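Peer 1: Okay, here's the structure, questions in a sec.
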Amino acid sequence: MKPIKLHKNYIKKRDKLLKSHVLTKEEIDATLHLFQNDPTDRRLRVHKIRCRRDKQRFSLTVINTQYRILYSSFEDVDLIVYIANHDEYSRLNKNC
Amino acid sequence: MTAQINTIQNFGLRSFINILQSMVKNIKSNLSQSFFDSASLEIEKATDELWSFYYYIISAEREDLLKYNFDNVLETLENSSEKIEKILSTLNEIKSKEPYLQVFKSKLDNFYTALVQCKIELSFTDAELEYETNKAS
């Protein structure tokens, strides 16, 4: 199992969402737990973010929500970088 | 690069957005078409500034970017995009089909896209730089 590392920007944004009760800790924890154990699970809808520069950047869905967790996949770790709402996520590939 | 960061902080993104907020609150009062036309122009300029910041980030050398702490910029971009989301949502509730309002909304929508792309790109850049630096040390 590849370890995950939560970046400070992700933590900041996640805590904001938890505080405003938009998402629950259980939803996020269950999603990341599943991702670590079976990243191919269809509920996660893991896919590569295709943009200007072809980097190892991916997105996964917080199960049963419109939120997406964005991460960089390195050889030794998946670096969780950002959690985006549907509107933000839909803007991500514009002008790419 | 410092100039680019100063642009984000000093060009007054926060105060600019506060002005936009108060504008939208007063949208039902008698704001003139020229007022919105002028605001649309300002938003367009601000959007160009954000894109130029974005392109700088994606094209700069990693070594150059390492010199900067992006925390404040990211915070500004995050708070700003939250406010713009609310403004756009308020604008969507306004039924007026006046062309100048439609233009204003469209410009603001583009501005929001630029904000989102800047903050997400910067978040990735910041995280990847930290990872690469830790790995090298």
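Just remember, in the structure tokens the first chain shown is A, the second B, etc., residues are 1-based per chain, and ligands are 1-based in the order shown.
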Considering only C-alpha atoms, extract the chain B residues located within 9 Å of chain A and return them as a ChimeraX atom specification.
Peer 2: /B:58,71,74,78,85,112-114,116-117,120,123-124,126-128,131
Peer 1: Go ahead and save the residues from that selection, with all heavy atoms, as a CSV table (one decimal), in the first residue's frame.
Peer 2:
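Output (part_29.csv):
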```
chain,number,residue,atom,x,y,z
B,58,ILE,N,3.6,28.5,-14.0
B,58,ILE,CA,3.8,27.2,-14.7
B,58,ILE,C,5.1,27.2,-15.5
B,58,ILE,O,5.5,26.1,-16.0
B,58,ILE,CB,2.6,26.8,-15.5
B,58,ILE,CG1,2.4,27.8,-16.7
B,58,ILE,CG2,1.4,26.6,-14.7
B,58,ILE,CD1,1.3,27.3,-17.7
B,71,ASP,N,2.2,31.1,1.1
B,71,ASP,CA,1.1,30.9,2.1
B,71,ASP,C,0.1,32.1,2.0
B,71,ASP,O,-1.1,31.8,1.9
B,71,ASP,CB,1.6,30.7,3.5
B,71,ASP,CG,2.2,29.4,3.7
B,71,ASP,OD1,2.2,28.6,2.8
B,71,ASP,OD2,2.8,29.1,4.8
B,74,LEU,N,-1.8,32.2,-1.3
B,74,LEU,CA,-2.8,31.1,-1.4
B,74,LEU,C,-4.0,31.5,-0.6
B,74,LEU,O,-5.2,31.2,-1.0
B,74,LEU,CB,-2.2,29.8,-0.9
B,74,LEU,CG,-1.5,29.0,-2.0
B,74,LEU,CD1,-0.6,27.9,-1.4
B,74,LEU,CD2,-2.4,28.4,-3.0
B,78,GLU,N,-7.7,31.9,-2.0
B,78,GLU,CA,-8.8,31.0,-1.4
B,78,GLU,C,-10.0,31.9,-1.0
B,78,GLU,O,-11.1,31.7,-1.3
B,78,GLU,CB,-8.2,30.2,-0.3
B,78,GLU,CG,-9.2,29.2,0.4
B,78,GLU,CD,-9.7,28.1,-0.6
B,78,GLU,OE1,-8.9,27.6,-1.4
B,78,GLU,OE2,-10.9,27.8,-0.5
B,85,GLU,N,-17.6,33.2,-5.6
B,85,GLU,CA,-18.6,32.2,-5.7
B,85,GLU,C,-20.0,32.8,-5.2
B,85,GLU,O,-21.0,32.6,-5.8
B,85,GLU,CB,-18.3,31.0,-4.8
B,85,GLU,CG,-17.5,29.9,-5.6
B,85,GLU,CD,-17.2,28.7,-4.7
B,85,GLU,OE1,-18.1,28.2,-4.0
B,85,GLU,OE2,-16.0,28.3,-4.7
B,112,TYR,N,-13.3,34.3,-12.0
B,112,TYR,CA,-13.4,33.2,-11.0
B,112,TYR,C,-12.6,32.0,-11.5
B,112,TYR,O,-11.9,31.4,-10.8
B,112,TYR,CB,-14.9,32.8,-10.8
B,112,TYR,CG,-15.1,31.6,-9.9
B,112,TYR,CD1,-14.8,31.7,-8.5
B,112,TYR,CD2,-15.5,30.4,-10.4
B,112,TYR,CE1,-15.0,30.6,-7.7
B,112,TYR,CE2,-15.7,29.3,-9.6
B,112,TYR,CZ,-15.4,29.4,-8.2
B,112,TYR,OH,-15.6,28.3,-7.4
B,113,THR,N,-12.7,31.7,-12.8
B,113,THR,CA,-12.0,30.6,-13.4
B,113,THR,C,-10.5,30.8,-13.2
B,113,THR,O,-9.7,29.9,-12.8
B,113,THR,CB,-12.3,30.5,-14.9
B,113,THR,OG1,-13.7,30.2,-15.1
B,113,THR,CG2,-11.5,29.4,-15.6
B,114,ALA,N,-10.0,32.1,-13.5
B,114,ALA,CA,-8.6,32.4,-13.3
B,114,ALA,C,-8.2,32.2,-11.9
B,114,ALA,O,-7.1,31.7,-11.6
B,114,ALA,CB,-8.3,33.8,-13.8
B,116,VAL,N,-9.5,30.2,-9.6
B,116,VAL,CA,-9.5,28.8,-9.2
B,116,VAL,C,-8.2,28.2,-9.8
B,116,VAL,O,-7.5,27.4,-9.1
B,116,VAL,CB,-10.7,28.1,-9.7
B,116,VAL,CG1,-10.6,26.6,-9.7
B,116,VAL,CG2,-12.0,28.5,-8.9
B,117,GLN,N,-7.9,28.5,-11.1
B,117,GLN,CA,-6.8,27.8,-11.7
B,117,GLN,C,-5.5,28.3,-11.0
B,117,GLN,O,-4.6,27.5,-10.8
B,117,GLN,CB,-6.7,28.1,-13.2
B,117,GLN,CG,-7.9,27.4,-13.9
B,117,GLN,CD,-7.5,26.8,-15.2
B,117,GLN,OE1,-6.3,26.6,-15.4
B,117,GLN,NE2,-8.4,26.4,-16.0
B,120,ILE,N,-5.2,26.5,-7.5
B,120,ILE,CA,-5.0,25.0,-7.6
B,120,ILE,C,-3.6,24.8,-8.1
B,120,ILE,O,-2.8,23.9,-7.6
B,120,ILE,CB,-6.1,24.3,-8.4
B,120,ILE,CG1,-7.4,24.4,-7.6
B,120,ILE,CG2,-5.7,22.8,-8.7
B,120,ILE,CD1,-8.6,23.7,-8.2
B,123,SER,N,-1.2,25.6,-5.4
B,123,SER,CA,-1.2,24.5,-4.4
B,123,SER,C,-0.4,23.4,-4.8
B,123,SER,O,0.4,22.8,-4.0
B,123,SER,CB,-2.6,24.1,-4.1
B,123,SER,OG,-3.4,25.1,-3.6
B,124,PHE,N,-0.5,22.9,-6.0
B,124,PHE,CA,0.3,21.8,-6.5
B,124,PHE,C,1.8,22.1,-6.5
B,124,PHE,O,2.6,21.4,-6.1
B,124,PHE,CB,-0.2,21.4,-7.9
B,124,PHE,CG,-1.2,20.3,-8.0
B,124,PHE,CD1,-2.5,20.6,-8.4
B,124,PHE,CD2,-1.0,19.0,-7.5
B,124,PHE,CE1,-3.5,19.6,-8.4
B,124,PHE,CE2,-1.9,18.0,-7.6
B,124,PHE,CZ,-3.2,18.3,-8.0
B,126,ASP,N,3.4,24.4,-4.8
B,126,ASP,CA,3.9,24.5,-3.4
B,126,ASP,C,4.1,23.1,-2.8
B,126,ASP,O,5.2,22.8,-2.2
B,126,ASP,CB,2.8,25.2,-2.6
B,126,ASP,CG,3.4,25.7,-1.3
B,126,ASP,OD1,4.5,26.1,-1.2
B,126,ASP,OD2,2.6,25.5,-0.3
B,127,ALA,N,3.2,22.2,-3.0
B,127,ALA,CA,3.3,20.8,-2.4
B,127,ALA,C,4.4,20.1,-3.1
B,127,ALA,O,5.2,19.4,-2.4
B,127,ALA,CB,1.9,20.1,-2.6
B,128,GLU,N,4.5,20.2,-4.4
B,128,GLU,CA,5.5,19.4,-5.1
B,128,GLU,C,6.9,19.9,-4.8
B,128,GLU,O,7.9,19.1,-4.7
B,128,GLU,CB,5.2,19.5,-6.6
B,128,GLU,CG,4.0,18.6,-7.0
B,128,GLU,CD,3.4,18.9,-8.4
B,128,GLU,OE1,4.0,19.7,-9.1
B,128,GLU,OE2,2.4,18.3,-8.7
B,131,TYR,N,7.8,18.6,-1.5
B,131,TYR,CA,8.2,17.1,-1.6
B,131,TYR,C,9.6,17.0,-2.2
B,131,TYR,O,10.4,16.2,-1.6
B,131,TYR,CB,7.1,16.4,-2.4
B,131,TYR,CG,7.5,15.0,-2.9
B,131,TYR,CD1,7.4,14.0,-2.0
B,131,TYR,CD2,8.1,14.8,-4.1
B,131,TYR,CE1,7.8,12.7,-2.4
B,131,TYR,CE2,8.5,13.5,-4.5
B,131,TYR,CZ,8.3,12.5,-3.6
B,131,TYR,OH,8.7,11.2,-4.0
```
Peer 1: Residues at most 10 Å from Leu41 in chain B, counting only C-alpha atoms, excluding those fewer than 5 positions away in the same chain, as a PyMOL selection string?
Peer 2: chain B and resi 36+46-47+103-104+107
Peer 1: Export, as a PDB file, in the first residue's frame, the selected residues with N, CA, C and O atoms.
Peer 2:
```pdb
ATOM      1  N   PHE B  36     -21.366  49.653 -14.283  1.00  0.00           N
ATOM      2  CA  PHE B  36     -21.089  48.244 -14.562  1.00  0.00           C
ATOM      3  C   PHE B  36     -20.089  48.079 -15.698  1.00  0.00           C
ATOM      4  O   PHE B  36     -19.244  47.192 -15.672  1.00  0.00           O
ATOM      5  N   ALA B  46      -8.044  42.689 -14.059  1.00  0.00           N
ATOM      6  CA  ALA B  46      -7.649  41.837 -12.928  1.00  0.00           C
ATOM      7  C   ALA B  46      -7.489  40.386 -13.375  1.00  0.00           C
ATOM      8  O   ALA B  46      -6.584  39.676 -12.924  1.00  0.00           O
ATOM      9  N   THR B  47      -8.354  39.965 -14.289  1.00  0.00           N
ATOM     10  CA  THR B  47      -8.273  38.594 -14.808  1.00  0.00           C
ATOM     11  C   THR B  47      -6.964  38.401 -15.574  1.00  0.00           C
ATOM     12  O   THR B  47      -6.278  37.382 -15.411  1.00  0.00           O
ATOM     13  N   VAL B 103     -22.750  41.016 -19.443  1.00  0.00           N
ATOM     14  CA  VAL B 103     -21.308  41.163 -19.692  1.00  0.00           C
ATOM     15  C   VAL B 103     -20.557  41.133 -18.367  1.00  0.00           C
ATOM     16  O   VAL B 103     -19.551  40.432 -18.212  1.00  0.00           O
ATOM     17  N   PHE B 104     -21.070  41.870 -17.394  1.00  0.00           N
ATOM     18  CA  PHE B 104     -20.446  41.918 -16.076  1.00  0.00           C
ATOM     19  C   PHE B 104     -20.340  40.507 -15.489  1.00  0.00           C
ATOM     20  O   PHE B 104     -19.288  40.093 -14.994  1.00  0.00           O
ATOM     21  N   LYS B 107     -17.716  38.452 -17.326  1.00  0.00           N
ATOM     22  CA  LYS B 107     -16.342  38.846 -16.946  1.00  0.00           C
ATOM     23  C   LYS B 107     -15.992  38.285 -15.563  1.00  0.00           C
ATOM     24  O   LYS B 107     -14.881  37.847 -15.307  1.00  0.00           O
TER      25      LYS B 107
END
```
Peer 1: List every residue of chain A that DSSP, applied to the backbone of this structure, assigns to alpha helix (DSSP H), and report them as a PDB file with N, CA and C atoms, in the first residue's frame.
Peer 2:
```pdb
ATOM      1  N   LYS A   8      -0.303  20.797   3.704  1.00  0.00           N
ATOM      2  CA  LYS A   8      -0.919  21.795   4.595  1.00  0.00           C
ATOM      3  C   LYS A   8      -2.099  22.532   3.940  1.00  0.00           C
ATOM      4  N   ASN A   9      -2.024  22.773   2.626  1.00  0.00           N
ATOM      5  CA  ASN A   9      -3.120  23.487   1.947  1.00  0.00           C
ATOM      6  C   ASN A   9      -4.390  22.644   1.933  1.00  0.00           C
ATOM      7  N   TYR A  10      -4.201  21.345   1.737  1.00  0.00           N
ATOM      8  CA  TYR A  10      -5.346  20.432   1.761  1.00  0.00           C
ATOM      9  C   TYR A  10      -5.968  20.434   3.158  1.00  0.00           C
ATOM     10  N   ILE A  11      -5.115  20.335   4.177  1.00  0.00           N
ATOM     11  CA  ILE A  11      -5.616  20.273   5.556  1.00  0.00           C
ATOM     12  C   ILE A  11      -6.411  21.537   5.900  1.00  0.00           C
ATOM     13  N   LYS A  12      -5.859  22.682   5.469  1.00  0.00           N
ATOM     14  CA  LYS A  12      -6.523  23.957   5.749  1.00  0.00           C
ATOM     15  C   LYS A  12      -7.914  23.988   5.116  1.00  0.00           C
ATOM     16  N   LYS A  13      -7.963  23.608   3.850  1.00  0.00           N
ATOM     17  CA  LYS A  13      -9.233  23.643   3.107  1.00  0.00           C
ATOM     18  C   LYS A  13     -10.209  22.593   3.668  1.00  0.00           C
ATOM     19  N   ARG A  14      -9.697  21.399   3.968  1.00  0.00           N
ATOM     20  CA  ARG A  14     -10.540  20.345   4.529  1.00  0.00           C
ATOM     21  C   ARG A  14     -11.167  20.791   5.845  1.00  0.00           C
ATOM     22  N   ASP A  15     -10.342  21.404   6.712  1.00  0.00           N
ATOM     23  CA  ASP A  15     -10.848  21.825   8.014  1.00  0.00           C
ATOM     24  C   ASP A  15     -11.937  22.895   7.887  1.00  0.00           C
ATOM     25  N   LYS A  16     -11.766  23.749   6.876  1.00  0.00           N
ATOM     26  CA  LYS A  16     -12.777  24.778   6.619  1.00  0.00           C
ATOM     27  C   LYS A  16     -14.111  24.117   6.242  1.00  0.00           C
ATOM     28  N   LEU A  17     -14.025  23.110   5.389  1.00  0.00           N
ATOM     29  CA  LEU A  17     -15.239  22.419   4.939  1.00  0.00           C
ATOM     30  C   LEU A  17     -15.894  21.654   6.089  1.00  0.00           C
ATOM     31  N   LEU A  18     -15.067  21.067   6.950  1.00  0.00           N
ATOM     32  CA  LEU A  18     -15.612  20.339   8.105  1.00  0.00           C
ATOM     33  C   LEU A  18     -16.298  21.313   9.057  1.00  0.00           C
ATOM     34  N   LYS A  19     -15.653  22.454   9.242  1.00  0.00           N
ATOM     35  CA  LYS A  19     -16.191  23.450  10.175  1.00  0.00           C
ATOM     36  C   LYS A  19     -17.547  23.974   9.687  1.00  0.00           C
ATOM     37  N   LYS A  25     -16.144  14.353   8.617  1.00  0.00           N
ATOM     38  CA  LYS A  25     -14.836  13.706   8.755  1.00  0.00           C
ATOM     39  C   LYS A  25     -14.946  12.239   8.306  1.00  0.00           C
ATOM     40  N   GLU A  26     -16.092  11.634   8.603  1.00  0.00           N
ATOM     41  CA  GLU A  26     -16.294  10.221   8.256  1.00  0.00           C
ATOM     42  C   GLU A  26     -16.258  10.026   6.740  1.00  0.00           C
ATOM     43  N   GLU A  27     -16.895  10.937   6.018  1.00  0.00           N
ATOM     44  CA  GLU A  27     -16.917  10.832   4.550  1.00  0.00           C
ATOM     45  C   GLU A  27     -15.490  10.903   3.980  1.00  0.00           C
ATOM     46  N   ILE A  28     -14.725  11.853   4.509  1.00  0.00           N
ATOM     47  CA  ILE A  28     -13.367  12.039   3.983  1.00  0.00           C
ATOM     48  C   ILE A  28     -12.474  10.869   4.390  1.00  0.00           C
ATOM     49  N   ASP A  29     -12.577  10.475   5.654  1.00  0.00           N
ATOM     50  CA  ASP A  29     -11.741   9.369   6.139  1.00  0.00           C
ATOM     51  C   ASP A  29     -12.045   8.075   5.382  1.00  0.00           C
ATOM     52  N   ALA A  30     -13.340   7.815   5.161  1.00  0.00           N
ATOM     53  CA  ALA A  30     -13.726   6.591   4.457  1.00  0.00           C
ATOM     54  C   ALA A  30     -13.183   6.615   3.029  1.00  0.00           C
ATOM     55  N   THR A  31     -13.227   7.773   2.406  1.00  0.00           N
ATOM     56  CA  THR A  31     -12.734   7.907   1.034  1.00  0.00           C
ATOM     57  C   THR A  31     -11.231   7.635   0.966  1.00  0.00           C
ATOM     58  N   LEU A  32     -10.489   8.259   1.855  1.00  0.00           N
ATOM     59  CA  LEU A  32      -9.031   8.089   1.814  1.00  0.00           C
ATOM     60  C   LEU A  32      -8.623   6.665   2.228  1.00  0.00           C
ATOM     61  N   HIS A  33      -9.405   6.079   3.137  1.00  0.00           N
ATOM     62  CA  HIS A  33      -9.131   4.708   3.556  1.00  0.00           C
ATOM     63  C   HIS A  33      -9.313   3.754   2.360  1.00  0.00           C
ATOM     64  N   LEU A  34     -10.420   3.965   1.640  1.00  0.00           N
ATOM     65  CA  LEU A  34     -10.690   3.126   0.468  1.00  0.00           C
ATOM     66  C   LEU A  34      -9.621   3.352  -0.606  1.00  0.00           C
ATOM     67  N   PHE A  35      -9.245   4.603  -0.793  1.00  0.00           N
ATOM     68  CA  PHE A  35      -8.236   4.935  -1.801  1.00  0.00           C
ATOM     69  C   PHE A  35      -6.927   4.204  -1.518  1.00  0.00           C
ATOM     70  N   GLN A  36      -6.571   4.158  -0.240  1.00  0.00           N
ATOM     71  CA  GLN A  36      -5.303   3.496   0.106  1.00  0.00           C
ATOM     72  C   GLN A  36      -5.391   1.978  -0.075  1.00  0.00           C
ATOM     73  N   ASN A  37      -6.578   1.451   0.199  1.00  0.00           N
ATOM     74  CA  ASN A  37      -6.716  -0.007   0.121  1.00  0.00           C
ATOM     75  C   ASN A  37      -7.078  -0.519  -1.272  1.00  0.00           C
ATOM     76  N   HIS A  86     -17.583  21.224  -6.664  1.00  0.00           N
ATOM     77  CA  HIS A  86     -17.925  20.916  -8.053  1.00  0.00           C
ATOM     78  C   HIS A  86     -17.623  22.084  -8.986  1.00  0.00           C
ATOM     79  N   ASP A  87     -17.935  23.296  -8.515  1.00  0.00           N
ATOM     80  CA  ASP A  87     -17.733  24.470  -9.370  1.00  0.00           C
ATOM     81  C   ASP A  87     -16.241  24.690  -9.639  1.00  0.00           C
ATOM     82  N   GLU A  88     -15.443  24.564  -8.593  1.00  0.00           N
ATOM     83  CA  GLU A  88     -13.993  24.730  -8.775  1.00  0.00           C
ATOM     84  C   GLU A  88     -13.454  23.658  -9.724  1.00  0.00           C
ATOM     85  N   TYR A  89     -13.923  22.435  -9.493  1.00  0.00           N
ATOM     86  CA  TYR A  89     -13.408  21.319 -10.281  1.00  0.00           C
ATOM     87  C   TYR A  89     -13.754  21.479 -11.766  1.00  0.00           C
ATOM     88  N   SER A  90     -14.961  22.009 -12.012  1.00  0.00           N
ATOM     89  CA  SER A  90     -15.377  22.160 -13.417  1.00  0.00           C
ATOM     90  C   SER A  90     -14.546  23.238 -14.128  1.00  0.00           C
ATOM     91  N   ARG A  91     -13.896  24.107 -13.356  1.00  0.00           N
ATOM     92  CA  ARG A  91     -13.055  25.155 -13.980  1.00  0.00           C
ATOM     93  C   ARG A  91     -11.631  24.673 -14.224  1.00  0.00           C
TER      94      ARG A  91
END
```
Peer 1: Which residue out of A:Asp78, A:Pro39, A:Val46, A:Leu23 has the minimum interatomic distance to Leu60 in chain A when only C-alpha atoms are used?
Peer 2: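 Selected residue with least distance to Leu60 in chain A: A:Val46.
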Peer 1: Find the distance between CA of Ile43 in chain B and CA of Asn110 in chain B and write it in Å to one decimal.
Peer 2: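 Going from CA of Ile43 in chain B over to CA of Asn110 in chain B covers 8.9 Å.
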Peer 1: Can you measure CA of Lys105 in chain B to CA of Leu88 in chain B for me? One decimal in Å is fine.
Peer 2: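 Calculated distance between CA of Lys105 in chain B and CA of Leu88 in chain B is 7.2 Å.
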Peer 1: Let me make sure I understand: among A:Arg68, A:Ser20, A:Lys55, A:Ile63, which one has the smallest atom-to-atom distance to Glu121 in chain B if we use only C-alpha atoms?
Peer 2: A:Lys55
Peer 1: Expressed in Å to a single decimal, how great is the separation between CA of Asn64 in chain A and CA of Ile84 in chain B?
Peer 2: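 Spanning CA of Asn64 in chain A to CA of Ile84 in chain B is a straight-line distance of 26.0 Å.
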